[in-house]
>>> print(open('start.cif').read())   # mmCIF, C-alpha atoms and all ligand atoms
data_data
#
loop_
_atom_site.label_atom_id
_atom_site.label_comp_id
_atom_site.auth_asym_id
_atom_site.auth_seq_id
_atom_site.Cartn_x
_atom_site.Cartn_y
_atom_site.Cartn_z
CA MET A 200 -18.30 -13.84 26.57
CA MET A 201 -15.09 -12.10 25.53
CA PRO A 202 -12.35 -12.04 28.17
CA ALA A 203 -11.71 -8.48 29.36
CA ARG A 204 -7.94 -8.89 29.23
CA LEU A 205 -6.83 -10.45 26.01
CA ASP A 206 -3.21 -10.57 27.06
CA ILE A 207 -4.04 -13.61 29.15
CA ILE A 208 -5.49 -15.39 26.13
CA SER A 209 -3.55 -18.38 24.94
CA ASP A 210 -2.26 -18.71 21.40
CA ALA A 211 -4.96 -21.33 20.80
CA GLY A 212 -7.66 -18.92 22.02
CA LEU A 213 -6.42 -16.13 19.75
CA LEU A 214 -6.15 -18.46 16.77
CA GLU A 215 -9.73 -19.50 17.27
CA LEU A 216 -10.86 -15.85 17.28
CA ILE A 217 -8.71 -15.02 14.23
CA GLY A 218 -10.42 -17.76 12.24
CA THR A 219 -13.93 -17.87 13.64
CA GLU A 220 -16.81 -17.90 11.15
CA ASP A 221 -19.43 -17.80 13.89
CA PRO A 222 -21.35 -14.49 13.55
CA GLU A 223 -22.30 -14.43 17.23
CA ARG A 224 -18.74 -14.85 18.35
CA GLU A 225 -17.65 -12.18 15.91
CA GLU A 226 -20.28 -9.78 17.16
CA ALA A 227 -19.21 -10.41 20.77
CA LEU A 228 -15.63 -9.66 19.71
CA PHE A 229 -16.62 -6.41 17.95
CA SER A 230 -18.76 -5.34 20.88
CA ALA A 231 -15.91 -5.95 23.35
CA ALA A 232 -13.59 -3.93 21.08
CA ARG A 233 -16.08 -1.02 20.96
CA LYS A 234 -16.29 -1.06 24.73
CA ALA A 235 -12.50 -1.06 25.09
CA ARG A 236 -12.21 1.91 22.71
CA ALA A 237 -15.03 3.84 24.39
CA GLY A 238 -13.13 3.73 27.69
CA PHE A 239 -10.39 5.92 26.20
CA TYR A 240 -11.93 7.73 23.24
CA GLY A 241 -15.72 7.60 23.63
CA GLN A 242 -17.43 7.69 20.24
CA ASP A 243 -14.85 10.11 18.81
CA VAL A 244 -13.25 9.42 15.46
CA TYR A 245 -10.10 11.41 14.66
CA PHE A 246 -9.58 12.89 11.21
CA ARG A 247 -6.11 12.95 9.63
CA GLY A 248 -5.40 14.73 6.35
CA LEU A 249 -3.43 12.42 4.07
CA ILE A 250 -0.98 13.92 1.58
CA GLU A 251 0.46 11.34 -0.83
CA PHE A 252 3.38 13.45 -1.98
CA THR A 253 5.39 11.02 -4.15
CA ASN A 254 4.70 7.73 -5.89
CA HIS A 255 8.35 7.13 -6.82
CA CYS A 256 9.72 4.13 -4.97
CA LYS A 257 13.07 2.37 -4.96
CA ASN A 258 11.60 -0.73 -3.37
CA ASN A 259 9.95 -3.65 -5.07
CA CYS A 260 7.46 -5.10 -2.60
CA TYR A 261 5.66 -7.81 -4.57
CA TYR A 262 2.21 -6.59 -3.49
CA CYS A 263 2.50 -2.87 -4.11
CA GLY A 264 1.28 -1.06 -7.21
CA ILE A 265 3.90 1.72 -6.96
CA ARG A 266 6.86 -0.67 -6.70
CA GLY A 267 9.88 0.63 -8.57
CA ALA A 268 9.78 -2.07 -11.25
CA ASN A 269 6.22 -1.24 -12.29
CA SER A 270 6.88 0.63 -15.52
CA ARG A 271 3.16 1.27 -16.09
CA VAL A 272 2.95 3.81 -13.28
CA GLU A 273 3.01 7.47 -14.21
CA ARG A 274 5.29 8.90 -11.55
CA TYR A 275 4.83 12.23 -9.74
CA ARG A 276 6.30 14.28 -6.93
CA LEU A 277 4.66 17.23 -5.24
CA SER A 278 6.76 20.35 -4.79
CA LEU A 279 7.22 21.99 -1.40
CA GLU A 280 4.71 24.65 -2.38
CA GLU A 281 2.18 22.03 -3.51
CA ILE A 282 2.58 20.18 -0.21
CA LEU A 283 2.14 23.43 1.73
CA ASN A 284 -0.98 24.22 -0.30
CA CYS A 285 -2.43 20.82 0.69
CA CYS A 286 -1.72 21.69 4.33
CA ARG A 287 -3.30 25.14 3.94
CA LEU A 288 -6.45 23.67 2.45
CA GLY A 289 -6.44 20.98 5.13
CA ASN A 290 -6.11 23.57 7.85
CA LEU A 291 -9.09 25.51 6.44
CA LEU A 292 -11.08 22.28 6.43
CA GLY A 293 -10.26 21.84 10.10
CA TYR A 294 -7.49 19.22 10.03
CA ARG A 295 -4.93 19.37 12.82
CA THR A 296 -2.90 16.37 11.67
CA PHE A 297 -1.12 16.14 8.34
CA VAL A 298 0.13 12.74 7.22
CA LEU A 299 2.88 12.89 4.61
CA GLN A 300 3.06 9.55 2.87
CA GLY A 301 5.08 8.38 -0.09
CA GLY A 302 7.08 5.64 -1.69
CA GLU A 303 10.72 5.32 -0.69
CA ASP A 304 11.90 8.10 -2.95
CA PRO A 305 15.62 8.93 -2.76
CA TRP A 306 14.98 12.30 -4.45
CA PHE A 307 13.53 13.34 -1.11
CA THR A 308 16.86 13.44 0.66
CA ASP A 309 17.00 14.05 4.40
CA ASP A 310 17.65 17.73 3.63
CA ARG A 311 14.54 18.00 1.49
CA VAL A 312 12.34 16.11 3.96
CA ALA A 313 13.60 18.24 6.87
CA GLU A 314 12.93 21.36 4.82
CA ILE A 315 9.33 20.28 4.19
CA ILE A 316 8.73 19.41 7.85
CA GLY A 317 10.29 22.71 8.96
CA ALA A 318 8.13 24.72 6.56
CA ILE A 319 4.92 23.02 7.76
CA ARG A 320 5.99 23.38 11.39
CA ARG A 321 6.61 27.14 10.96
CA GLU A 322 3.12 27.70 9.53
CA TYR A 323 1.39 25.31 11.90
CA PRO A 324 3.22 25.17 15.22
CA GLY A 325 0.44 23.28 16.97
CA HIS A 326 -0.50 20.70 14.33
CA ALA A 327 0.68 17.11 14.34
CA ILE A 328 3.00 16.12 11.49
CA THR A 329 3.04 12.41 10.70
CA LEU A 330 5.58 10.91 8.33
CA SER A 331 5.18 7.66 6.41
CA ILE A 332 8.14 7.45 4.07
CA GLY A 333 9.56 4.05 4.88
CA GLU A 334 12.89 2.90 6.22
CA ARG A 335 15.71 5.36 6.93
CA GLY A 336 18.64 5.36 9.34
CA ARG A 337 18.25 6.40 12.93
CA GLU A 338 20.03 9.70 12.30
CA SER A 339 17.55 10.61 9.58
CA TYR A 340 14.65 9.87 11.90
CA GLU A 341 16.30 12.00 14.60
CA ARG A 342 16.72 14.84 12.18
CA PHE A 343 13.07 14.74 11.09
CA PHE A 344 12.01 14.66 14.73
CA ARG A 345 14.11 17.73 15.51
CA ALA A 346 12.64 19.46 12.45
CA GLY A 347 9.17 19.01 13.94
CA ALA A 348 7.74 15.63 12.90
CA ASP A 349 5.98 13.99 15.80
CA ARG A 350 4.49 10.74 14.50
CA TYR A 351 5.68 8.03 12.12
CA LEU A 352 3.75 5.26 10.38
CA LEU A 353 5.72 2.21 9.28
CA ARG A 354 3.74 -0.97 8.96
CA HIS A 355 5.83 -4.03 9.71
CA GLU A 356 3.61 -5.79 7.07
CA THR A 357 4.05 -9.26 8.62
CA ALA A 358 5.90 -10.23 11.79
CA ASN A 359 6.95 -13.63 10.46
CA ASP A 360 10.36 -13.66 8.85
CA ALA A 361 9.70 -16.47 6.34
CA HIS A 362 6.44 -14.81 5.29
CA TYR A 363 8.15 -11.41 5.02
CA ARG A 364 10.64 -12.92 2.60
CA LYS A 365 7.81 -14.19 0.40
CA LEU A 366 6.39 -10.66 0.12
CA HIS A 367 9.62 -8.75 -0.46
CA PRO A 368 12.81 -9.06 -2.51
CA GLU A 369 16.05 -10.05 -0.79
CA SER A 370 17.16 -6.46 -0.43
CA MET A 371 14.51 -5.95 2.26
CA SER A 372 14.54 -7.53 5.71
CA LEU A 373 12.10 -7.83 8.59
CA PRO A 374 14.75 -7.35 11.32
CA GLU A 375 15.72 -4.04 9.71
CA ARG A 376 12.13 -2.91 9.49
CA LYS A 377 11.52 -3.83 13.12
CA GLN A 378 14.72 -2.00 14.11
CA CYS A 379 13.34 1.13 12.41
CA LEU A 380 10.23 0.84 14.59
CA TYR A 381 12.29 0.48 17.77
CA ASN A 382 14.45 3.45 16.74
CA LEU A 383 11.41 5.61 16.07
CA ARG A 384 9.88 4.72 19.41
CA ASP A 385 13.15 5.36 21.19
CA ILE A 386 13.55 8.80 19.59
CA GLY A 387 10.17 9.86 20.92
CA TYR A 388 7.77 9.59 17.99
CA GLN A 389 4.25 8.32 18.35
CA VAL A 390 4.77 5.20 16.30
CA GLY A 391 2.45 3.27 14.03
CA ALA A 392 3.10 -0.33 13.06
CA GLY A 393 0.66 -2.53 11.17
CA PHE A 394 0.06 -5.31 8.72
CA MET A 395 -2.00 -6.46 5.78
CA VAL A 396 -4.54 -9.24 6.13
CA GLY A 397 -4.74 -11.91 3.45
CA THR A 398 -1.44 -11.35 1.72
CA PRO A 399 -0.37 -14.35 -0.38
CA PHE A 400 0.97 -17.28 1.67
CA GLN A 401 -0.26 -15.80 4.97
CA THR A 402 -1.41 -18.33 7.57
CA PRO A 403 -3.53 -17.77 10.70
CA GLU A 404 -0.35 -18.42 12.69
CA ASN A 405 1.29 -15.47 10.89
CA LEU A 406 -1.59 -13.25 12.01
CA LEU A 407 -1.13 -14.52 15.54
CA GLU A 408 2.52 -13.45 15.31
CA ASP A 409 1.38 -10.01 14.17
CA LEU A 410 -0.74 -9.72 17.30
CA ARG A 411 2.08 -10.90 19.53
CA PHE A 412 4.49 -8.46 17.90
CA ILE A 413 2.02 -5.61 18.40
CA GLU A 414 1.64 -6.68 22.01
CA GLU A 415 5.40 -6.51 22.48
CA LEU A 416 6.09 -3.26 20.59
CA LYS A 417 3.04 -1.47 21.99
CA PRO A 418 2.82 1.04 19.12
CA HIS A 419 0.63 4.10 19.53
CA MET A 420 -1.04 3.47 16.17
CA VAL A 421 -1.78 0.29 14.24
CA GLY A 422 -2.72 0.29 10.55
CA ILE A 423 -4.54 -2.85 9.44
CA GLY A 424 -5.96 -3.33 5.98
CA PRO A 425 -6.81 -6.17 3.62
CA PHE A 426 -4.34 -7.01 0.89
CA ILE A 427 -5.87 -5.99 -2.45
CA PRO A 428 -4.24 -7.13 -5.69
CA GLN A 429 -2.86 -4.65 -8.21
CA ALA A 430 -2.84 -6.07 -11.72
CA ASP A 431 0.71 -5.00 -12.66
CA THR A 432 2.42 -6.60 -9.67
CA PRO A 433 3.69 -10.17 -9.15
CA PHE A 434 0.67 -10.75 -6.86
CA GLY A 435 -1.83 -9.35 -9.36
CA ASN A 436 -3.66 -12.68 -9.67
CA HIS A 437 -3.96 -13.43 -5.96
CA PRO A 438 -7.32 -13.03 -4.22
CA PRO A 439 -7.87 -10.11 -1.84
CA GLY A 440 -7.77 -10.51 1.93
CA GLY A 441 -10.99 -11.36 3.74
CA PHE A 442 -13.13 -8.45 4.85
CA ARG A 443 -14.44 -10.07 8.02
CA GLN A 444 -11.04 -11.44 8.93
CA THR A 445 -9.64 -7.91 8.66
CA LEU A 446 -12.40 -6.66 10.97
CA ARG A 447 -11.56 -9.39 13.47
CA MET A 448 -7.90 -8.38 13.41
CA VAL A 449 -8.90 -4.75 14.05
CA ALA A 450 -11.01 -5.87 17.02
CA LEU A 451 -8.32 -8.13 18.45
CA THR A 452 -5.75 -5.35 18.13
CA ARG A 453 -8.10 -2.99 19.97
CA LEU A 454 -8.49 -5.49 22.79
CA LEU A 455 -4.74 -6.02 23.04
CA LEU A 456 -3.98 -2.28 22.91
CA PRO A 457 -7.10 -0.46 24.13
CA GLN A 458 -5.42 2.97 23.88
CA ALA A 459 -4.17 2.59 20.31
CA LEU A 460 -5.17 4.87 17.46
CA ILE A 461 -6.42 2.50 14.78
CA PRO A 462 -7.49 3.76 11.36
CA ALA A 463 -10.46 2.42 9.47
CA THR A 464 -8.38 2.14 6.31
CA THR A 465 -9.12 3.10 2.73
CA ALA A 466 -8.40 -0.52 1.77
CA LEU A 467 -11.24 -1.66 4.05
CA GLY A 468 -13.52 0.85 2.33
CA THR A 469 -12.35 -0.43 -1.04
CA ILE A 470 -13.28 -4.09 -0.51
CA SER A 471 -16.68 -3.38 1.05
CA PRO A 472 -19.13 -0.47 0.51
CA PHE A 473 -19.35 0.39 4.23
CA GLY A 474 -15.96 -1.04 5.03
CA ARG A 475 -14.59 1.91 6.96
CA GLU A 476 -17.77 2.32 8.99
CA LYS A 477 -17.65 -1.38 9.85
CA GLY A 478 -13.99 -0.94 10.78
CA LEU A 479 -15.09 1.68 13.30
CA MET A 480 -17.77 -0.73 14.56
CA ALA A 481 -14.98 -3.28 15.08
CA GLY A 482 -12.89 -0.93 17.22
CA ALA A 483 -11.07 1.51 14.90
CA ASN A 484 -11.13 5.22 15.79
CA VAL A 485 -9.30 7.14 13.05
CA VAL A 486 -10.06 8.03 9.42
CA MET A 487 -7.62 9.49 6.93
CA PRO A 488 -9.40 11.41 4.17
CA ASN A 489 -7.26 12.46 1.25
CA LEU A 490 -5.80 15.95 0.92
CA SER A 491 -3.64 15.21 -2.13
CA PRO A 492 -4.38 17.25 -5.28
CA LYS A 493 -7.12 15.54 -7.26
CA ASP A 494 -4.99 15.16 -10.41
CA VAL A 495 -2.47 12.87 -8.68
CA ARG A 496 -4.86 10.74 -6.62
CA LYS A 497 -5.28 8.02 -9.23
CA LEU A 498 -1.50 7.77 -9.63
CA TYR A 499 -1.02 6.66 -6.02
CA ALA A 500 -2.48 3.29 -6.94
CA LEU A 501 -1.17 0.82 -4.36
CA TYR A 502 -3.96 -1.56 -5.38
CA ASP A 503 -6.79 -1.69 -7.92
CA ASN A 504 -10.13 0.14 -7.57
CA LYS A 505 -8.96 2.37 -4.72
CA ILE A 506 -11.86 4.55 -3.54
CA CYS A 507 -11.99 8.34 -3.13
CA THR A 508 -9.64 9.07 -6.04
CA GLY A 509 -12.11 11.37 -7.80
CA ASP A 510 -13.21 13.68 -4.98
CA GLU A 511 -11.92 17.07 -3.92
CA ALA A 512 -10.47 17.31 -0.40
CA ALA A 513 -13.51 19.22 0.87
CA GLU A 514 -15.87 16.57 -0.53
CA CYS A 515 -13.86 13.78 1.13
CA ARG A 516 -13.99 15.57 4.45
CA LEU A 517 -17.77 16.12 4.29
CA CYS A 518 -18.51 12.68 2.90
CA MET A 519 -16.56 11.00 5.68
CA GLU A 520 -18.22 13.14 8.33
CA GLY A 521 -21.70 12.16 7.09
CA ARG A 522 -20.78 8.50 6.86
CA ILE A 523 -19.46 8.20 10.38
CA ARG A 524 -22.32 10.24 11.91
CA ASN A 525 -24.74 7.77 10.30
CA PHE A 526 -23.10 5.05 12.38
CA GLY A 527 -23.31 7.04 15.63
CA PHE A 528 -19.72 8.29 15.71
CA VAL A 529 -18.56 11.84 16.44
CA PRO A 530 -16.00 13.46 14.12
CA ASN A 531 -13.10 14.95 16.06
CA MET A 532 -10.78 17.31 14.19
CA ALA A 533 -8.34 17.84 17.08
CA ARG A 534 -4.75 16.57 16.96
CA GLY A 535 -5.93 13.36 18.58
CA ASP A 536 -2.75 12.24 20.26
CA TYR A 537 -2.43 8.81 21.82
CA ALA A 538 -4.46 8.71 25.04
CA GLY A 539 -2.20 9.83 27.87
CA TRP A 540 0.45 11.24 25.54
CA GLY A 541 2.44 14.05 27.16
CA THR A 542 1.05 13.33 30.62
CA GLY A 543 3.54 10.64 31.50
CA ALA A 544 0.70 8.13 31.33
CA SER A 545 1.84 6.46 28.12
CA THR A 546 1.96 2.70 28.44
CA LEU A 547 5.15 2.54 26.41
CA PRO A 548 7.96 0.72 28.15
CA ALA A 549 10.70 3.08 29.36
N1 LIG A 601 6.82 3.67 1.62
C1 LIG A 601 6.22 3.74 2.91
C2 LIG A 601 6.37 2.44 3.65
O1 LIG A 601 6.98 1.52 3.11
O2 LIG A 601 5.95 2.36 4.78
C3 LIG A 601 4.76 4.16 2.88
C4 LIG A 601 4.00 3.91 1.63
S1 LIG A 601 3.44 2.23 1.47
C5 LIG A 601 2.81 2.25 -0.16
C6 LIG A 601 1.99 2.24 2.52
C7 LIG A 601 1.34 0.92 2.81
O3 LIG A 601 0.54 0.51 1.71
C8 LIG A 601 2.22 -0.25 3.05
O4 LIG A 601 2.71 -0.25 4.36
C9 LIG A 601 1.32 -1.45 2.73
O5 LIG A 601 0.83 -2.08 3.90
C10 LIG A 601 0.17 -0.82 1.95
N2 LIG A 601 -0.03 -1.50 0.66
C11 LIG A 601 0.81 -1.55 -0.37
N3 LIG A 601 0.32 -2.33 -1.35
C12 LIG A 601 -0.86 -2.79 -0.93
C13 LIG A 601 -1.85 -3.66 -1.48
N4 LIG A 601 -1.70 -4.23 -2.68
N5 LIG A 601 -2.96 -3.91 -0.76
C14 LIG A 601 -3.15 -3.33 0.45
N6 LIG A 601 -2.25 -2.51 1.03
C15 LIG A 601 -1.11 -2.24 0.35
#
>>> encode(input="start.cif", output="structure tokens", more="lines below")
Ligand code: SAM
Amino acid sequence: MMPARLDIISDAGLLELIGTEDPEREEALFSAARKARAGFYGQDVYFRGLIEFTNHCKNNCYYCGIRGANSRVERYRLSLEEILNCCRLGNLLGYRTFVLQGGEDPWFTDDRVAEIIGAIRREYPGHAITLSIGERGRESYERFFRAGADRYLLRHETANDAHYRKLHPESMSLPERKQCLYNLRDIGYQVGAGFMVGTPFQTPENLLEDLRFIEELKPHMVGIGPFIPQADTPFGNHPPGGFRQTLRMVALTRLLLPQALIPATTALGTISPFGREKGLMAGANVVMPNLSPKDVRKLYALYDNKICTGDEAAECRLCMEGRIRNFGFVPNMARGDYAGWGTGASTLPA
């Protein structure tokens, strides 16, 4: 039996669940996670339209295919009009959340980002605008919020400082990344943290720290995906993260934060043919089909063999709908805010 309240589970108990190879125990974990999700979201799966608007990046994360030092990447940036056209197509396809994601690209100054957000907000006053453009100062985040952004995704990647330093160059720091998350939460964004499973040098204890950090931060969204190597990076020869271990981390996160919005990530779908569906069966409740123009999809290559790079936006939307219906889930195209958002019922600390 799975305890109903995981927050009373000891570190030893969580470590055992993180590492279990026992299929029955896993299934009990997934089933408890499904039940926890159903209490807030039923069988609904929220659709977010993902726009990968730049693959330029000043950072050099050792795992990431679009790291600045990777000279084999053909770089691109979408113009304001191209971004708006993605939103227009997305709106016609029913999306009510646009996720603008990119590398840390200094060309997109605060002025330019605010201009993009403002333009989308004017055309779509009721849609959710999610940003995922990395670390910026508090004032920048405030400015984007005032311009109309309402959610922000910034995975912490790993909550263990020593491990963080093995994945990133010295110019990057975990305390700074965490501070960004606290700033975003404080400003009033719905905030998404998250981590990769199976990054080089990761231990089960590191994953436990990720869970404890999530428990403390209480983000509204948590992105969890397996690490997948990209050949032109320093970690190109490392093995990918474990599929089942990623599913277990999704389920444990759901049990720790029953109200969270948790995507069944593209990376999960890349390492296993029904990976995203199985992510939903382990407690996830969001999918993020791609709205980026088809000609740039392949260029946003964070890792090798990324799926869905050859389909048009409409195909992605329909394909995903069929896939999730086959597993008994109900597509929901509404904004899909965090349960209780705007009603004062958020569980975020004051
Ligand atoms: N620049 C923004 C940031 O730093 O948050 C957003 C873009 S970043 C490429 C999006 C996410 O991709 C990262 O948070 C990381 O977890 C994930 N990612 C990068 N390389 C990956 C890899 N090789 N395998 C799996 N996920 C990866």
>>> closest_atom_pairs(input="start.cif", of="segment 425-473 of chain A", to="segment 359-371 of chain A", cutoff="12 Å", atoms="all atoms listed in the file", output="JSON lines")
{"residue": "A:Phe426", "atom": "CA", "partner": "A:Leu366", "partner_atom": "CA", "distance": 11.4}
{"residue": "A:Thr432", "atom": "CA", "partner": "A:Leu366", "partner_atom": "CA", "distance": 11.3}
{"residue": "A:Pro433", "atom": "CA", "partner": "A:Leu366", "partner_atom": "CA", "distance": 9.7}
{"residue": "A:Phe434", "atom": "CA", "partner": "A:Leu366", "partner_atom": "CA", "distance": 9.0}
>>> residues_near_ligand(input="start.cif", ligand="ligand LIG 601 (chain A)", cutoff="7 Å", atoms="all atoms listed in the file", output="PDB file with C-alpha atoms, in the frame of the given file")
ATOM      1  CA  TYR A 262       2.210  -6.590  -3.490  1.00  0.00           C
ATOM      2  CA  CYS A 263       2.500  -2.870  -4.110  1.00  0.00           C
ATOM      3  CA  GLY A 264       1.280  -1.060  -7.210  1.00  0.00           C
ATOM      4  CA  ILE A 265       3.900   1.720  -6.960  1.00  0.00           C
ATOM      5  CA  GLN A 300       3.060   9.550   2.870  1.00  0.00           C
ATOM      6  CA  GLY A 301       5.080   8.380  -0.090  1.00  0.00           C
ATOM      7  CA  GLY A 302       7.080   5.640  -1.690  1.00  0.00           C
ATOM      8  CA  GLU A 303      10.720   5.320  -0.690  1.00  0.00           C
ATOM      9  CA  SER A 331       5.180   7.660   6.410  1.00  0.00           C
ATOM     10  CA  ILE A 332       8.140   7.450   4.070  1.00  0.00           C
ATOM     11  CA  GLY A 333       9.560   4.050   4.880  1.00  0.00           C
ATOM     12  CA  GLU A 334      12.890   2.900   6.220  1.00  0.00           C
ATOM     13  CA  LEU A 352       3.750   5.260  10.380  1.00  0.00           C
ATOM     14  CA  LEU A 353       5.720   2.210   9.280  1.00  0.00           C
ATOM     15  CA  ARG A 354       3.740  -0.970   8.960  1.00  0.00           C
ATOM     16  CA  GLU A 356       3.610  -5.790   7.070  1.00  0.00           C
ATOM     17  CA  PHE A 394       0.060  -5.310   8.720  1.00  0.00           C
ATOM     18  CA  MET A 395      -2.000  -6.460   5.780  1.00  0.00           C
ATOM     19  CA  GLY A 424      -5.960  -3.330   5.980  1.00  0.00           C
ATOM     20  CA  PRO A 425      -6.810  -6.170   3.620  1.00  0.00           C
ATOM     21  CA  PHE A 426      -4.340  -7.010   0.890  1.00  0.00           C
ATOM     22  CA  ILE A 427      -5.870  -5.990  -2.450  1.00  0.00           C
ATOM     23  CA  PRO A 428      -4.240  -7.130  -5.690  1.00  0.00           C
ATOM     24  CA  GLN A 429      -2.860  -4.650  -8.210  1.00  0.00           C
ATOM     25  CA  ALA A 466      -8.400  -0.520   1.770  1.00  0.00           C
ATOM     26  CA  LEU A 501      -1.170   0.820  -4.360  1.00  0.00           C
ATOM     27  CA  TYR A 502      -3.960  -1.560  -5.380  1.00  0.00           C
TER      28      TYR A 502
END
>>> closest_residue(input="start.cif", among="A:Arg345, A:Arg271, A:Arg516, A:His355", to="Gly387 of chain A", atoms="only C-alpha atoms")
A:Arg345
>>> atom_distance(input="start.cif", atom1="atom CA of Arg337 of chain A", atom2="atom CA of Leu283 of chain A")
26.0 Å
>>> residues_around(input="start.cif", residues="segment 482-488 of chain A", least_positions_apart="2", cutoff="9 Å", atoms="all atoms listed in the file", output="ChimeraX atom specification")
/A:229-237,240,242-249,298,446,449-454,459-465,475-480,490,507,512,515-516,519,535
>>> closest_residue(input="start.cif", among="A:Leu456, A:Ile413, A:Leu291, A:Cys260", to="Thr398 of chain A", atoms="all atoms listed in the file")
A:Cys260
>>> residues_around(input="start.cif", residues="Tyr294 of chain A", least_positions_apart="2", cutoff="9 Å", atoms="all atoms listed in the file", output="PDB file with C-alpha atoms, in the frame of the given file")
ATOM      1  CA  PHE A 246      -9.580  12.890  11.210  1.00  0.00           C
ATOM      2  CA  ARG A 247      -6.110  12.950   9.630  1.00  0.00           C
ATOM      3  CA  GLY A 248      -5.400  14.730   6.350  1.00  0.00           C
ATOM      4  CA  CYS A 286      -1.720  21.690   4.330  1.00  0.00           C
ATOM      5  CA  LEU A 288      -6.450  23.670   2.450  1.00  0.00           C
ATOM      6  CA  GLY A 289      -6.440  20.980   5.130  1.00  0.00           C
ATOM      7  CA  ASN A 290      -6.110  23.570   7.850  1.00  0.00           C
ATOM      8  CA  LEU A 291      -9.090  25.510   6.440  1.00  0.00           C
ATOM      9  CA  LEU A 292     -11.080  22.280   6.430  1.00  0.00           C
ATOM     10  CA  THR A 296      -2.900  16.370  11.670  1.00  0.00           C
ATOM     11  CA  PHE A 297      -1.120  16.140   8.340  1.00  0.00           C
ATOM     12  CA  HIS A 326      -0.500  20.700  14.330  1.00  0.00           C
ATOM     13  CA  MET A 532     -10.780  17.310  14.190  1.00  0.00           C
ATOM     14  CA  ALA A 533      -8.340  17.840  17.080  1.00  0.00           C
ATOM     15  CA  ARG A 534      -4.750  16.570  16.960  1.00  0.00           C
TER      16      ARG A 534
END
>>> atom_distance(input="start.cif", atom1="atom CA of Pro492 of chain A", atom2="atom CA of Leu299 of chain A")
13.0 Å
>>> atom_distance(input="start.cif", atom1="atom CA of Glu414 of chain A", atom2="atom CA of Glu220 of chain A")
24.2 Å
